[in-house]
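Student: Sharing a structure, written as structure tokens. Questions coming.
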Amino acid sequence: MVPERAGNLAKANAITETYFVQSCLALAKPAGVILSPSLFNPEEFMPLDPTQEPIFPPELLRLKDTPQKQLRFEGERVTWIQASTLQELLDLKAQFPEAKLVVGNTEIGIEMKFKNKLFPMIVCPAWIPELNSVEHGPEGISFGASCPLSLVEKTLVDAVAKLCAYKTEVFKGVLEQLRWFAGKQVKSVASIGGNIITASPISDLNTVFMASGAKLTIVSTVTPCVVVTHVKCYLLGKLVGD
């Protein structure tokens, strides 16, 4: 029954993500930009050479080396902002305390689709370097909150193969849970931070994090700026509404 449940969850989340993208396109457009019905002019294409494979667009390859800038879409009911730096994210959250943070959209999309909820302000921290970092330390491995679960899985598999068995018991526990965590499509976008912050009572991973004493680093614009707490303390605080 577990594998079937996981497959259904993967399908539901994939449908939800498609719906969310379509909803955002319908509700929002770039500020100050006139949308064109056509993205390109076919007459500008180079003739196809049947002896060669089409190459990946060089312009897109160069984008990964270009400093990220804030991306903002504003609609009648929804404003969507992609933050480019950690400080920018903190400033946006301080300015819009009720803003929803969305990385993989596996939770917010469900609330929009099935609960008819509307979130006027959405902030995406998916491309902030600090939130995508992976650091190996003496106490374990630290993952940035935006790290997708697919990256977490790959990193832990590599660690289990390299480290002594007694050092990887928690890693194996997380990997066992990830086996049943939806499908590859969902794990490629769902983030480890989103899994924790949502504090869902049916979370597959939070039980392992609580039992293993995993720690959570919280950054804020108020004093103290950085707080390190146990995942268990955070989740219990969410449970009692603190």
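By convention in this document, the chains of the structure tokens carry letters A, B, ... by their order, each chain's residues are numbered from 1, and ligands are numbered from 1 in the order they are shown.
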DSSP on the backbone, alpha helix (DSSP H) only: what residues of range 26-110 of chain A does that give? Format it as a list in words.

Tutor: Ala26, Leu27, Pro58, Glu59, Leu60, Leu61, Arg62, Leu63, Leu86, Gln87, Glu88, Leu89, Leu90, Asp91, Leu92, Lys93, Ala94, Gln95, Ile108, Gly109 and Ile110 of chain A

Student: At a cut-off of 10 Å, using only C-alpha atoms, what residues contact Val219 in chain A? Leave out same-chain residues fewer than 5 positions from it and give the result as a tab-separated table (two decimals) with all heavy atoms, in the first residue's frame.

Tutor:
chain	number	residue	atom	x	y	z
A	86	LEU	N	20.17	36.51	0.10
A	86	LEU	CA	19.59	36.22	1.41
A	86	LEU	C	19.10	37.50	2.07
A	86	LEU	O	18.02	37.52	2.68
A	86	LEU	CB	20.62	35.52	2.29
A	86	LEU	CG	20.14	35.11	3.69
A	86	LEU	CD1	18.95	34.17	3.60
A	86	LEU	CD2	21.28	34.44	4.46
A	87	GLN	N	19.86	38.58	1.97
A	87	GLN	CA	19.45	39.84	2.56
A	87	GLN	C	18.18	40.36	1.92
A	87	GLN	O	17.29	40.91	2.58
A	87	GLN	CB	20.57	40.89	2.44
A	87	GLN	CG	20.28	42.20	3.16
A	87	GLN	CD	20.05	42.00	4.65
A	87	GLN	OE1	20.83	41.35	5.32
A	87	GLN	NE2	18.94	42.52	5.15
A	90	LEU	N	15.29	38.44	3.38
A	90	LEU	CA	14.97	38.90	4.73
A	90	LEU	C	14.21	40.23	4.69
A	90	LEU	O	13.25	40.43	5.43
A	90	LEU	CB	16.24	39.05	5.55
A	90	LEU	CG	17.01	37.75	5.86
A	90	LEU	CD1	18.32	38.06	6.57
A	90	LEU	CD2	16.16	36.81	6.69
A	224	PRO	N	17.98	38.11	18.30
A	224	PRO	CA	19.25	37.74	17.65
A	224	PRO	C	19.05	37.39	16.18
A	224	PRO	O	18.01	36.84	15.81
A	224	PRO	CB	19.72	36.53	18.45
A	224	PRO	CG	18.43	35.91	18.93
A	224	PRO	CD	17.49	37.06	19.18
A	225	CYS	N	20.01	37.75	15.35
A	225	CYS	CA	19.88	37.58	13.90
A	225	CYS	C	19.90	36.11	13.49
A	225	CYS	O	19.24	35.72	12.53
A	225	CYS	CB	20.99	38.34	13.19
A	225	CYS	SG	20.90	40.13	13.45
A	226	VAL	N	20.70	35.30	14.19
A	226	VAL	CA	20.82	33.88	13.84
A	226	VAL	C	20.52	33.04	15.07
A	226	VAL	O	21.10	33.25	16.14
A	226	VAL	CB	22.23	33.55	13.30
A	226	VAL	CG1	22.32	32.06	12.97
A	226	VAL	CG2	22.55	34.40	12.09
A	227	VAL	N	19.60	32.11	14.93
A	227	VAL	CA	19.22	31.22	16.03
A	227	VAL	C	19.36	29.78	15.57
A	227	VAL	O	18.88	29.42	14.48
A	227	VAL	CB	17.76	31.48	16.49
A	227	VAL	CG1	17.36	30.48	17.55
A	227	VAL	CG2	17.61	32.90	17.00
A	228	VAL	N	20.03	28.96	16.37
A	228	VAL	CA	20.15	27.53	16.07
A	228	VAL	C	19.32	26.77	17.09
A	228	VAL	O	19.51	26.90	18.30
A	228	VAL	CB	21.62	27.07	16.14
A	228	VAL	CG1	21.70	25.56	15.87
A	228	VAL	CG2	22.47	27.83	15.14

Student: Excluding range 199-212 of chain A and its own-chain neighbours fewer than 4 positions away, which residues fall within 9 Å of it when counting only C-alpha atoms? Please give them as a PyMOL selection string.

Tutor: chain A and resi 170+173-174+177-178+180-181+192+194-195+230-235+238-239

Student: In Å, how far is it from CA of Gln70 in chain A to CA of Gln82 in chain A?

Tutor: 5.6 Å

Student: Could you pull the residues within 12 Å of range 145-162 of chain A, counting only C-alpha atoms, minus those fewer than 4 positions along the same chain, as an MDAnalysis selection string?

Tutor: chainID A and resid 86 101:106 124:137 140:141 166:179 181:197 204:205 216:219

Student: Run DSSP on the backbone and give me the residues of range 39-229 of chain A it puts in strand (DSSP E or B), as a count of residues only.

Tutor: 34

Student: What is the distance between CA of Asp65 in chain A and CA of Trp80 in chain A, in Å to one decimal?

Tutor: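 Separating CA of Asp65 in chain A from CA of Trp80 in chain A is a distance of 23.7 Å.
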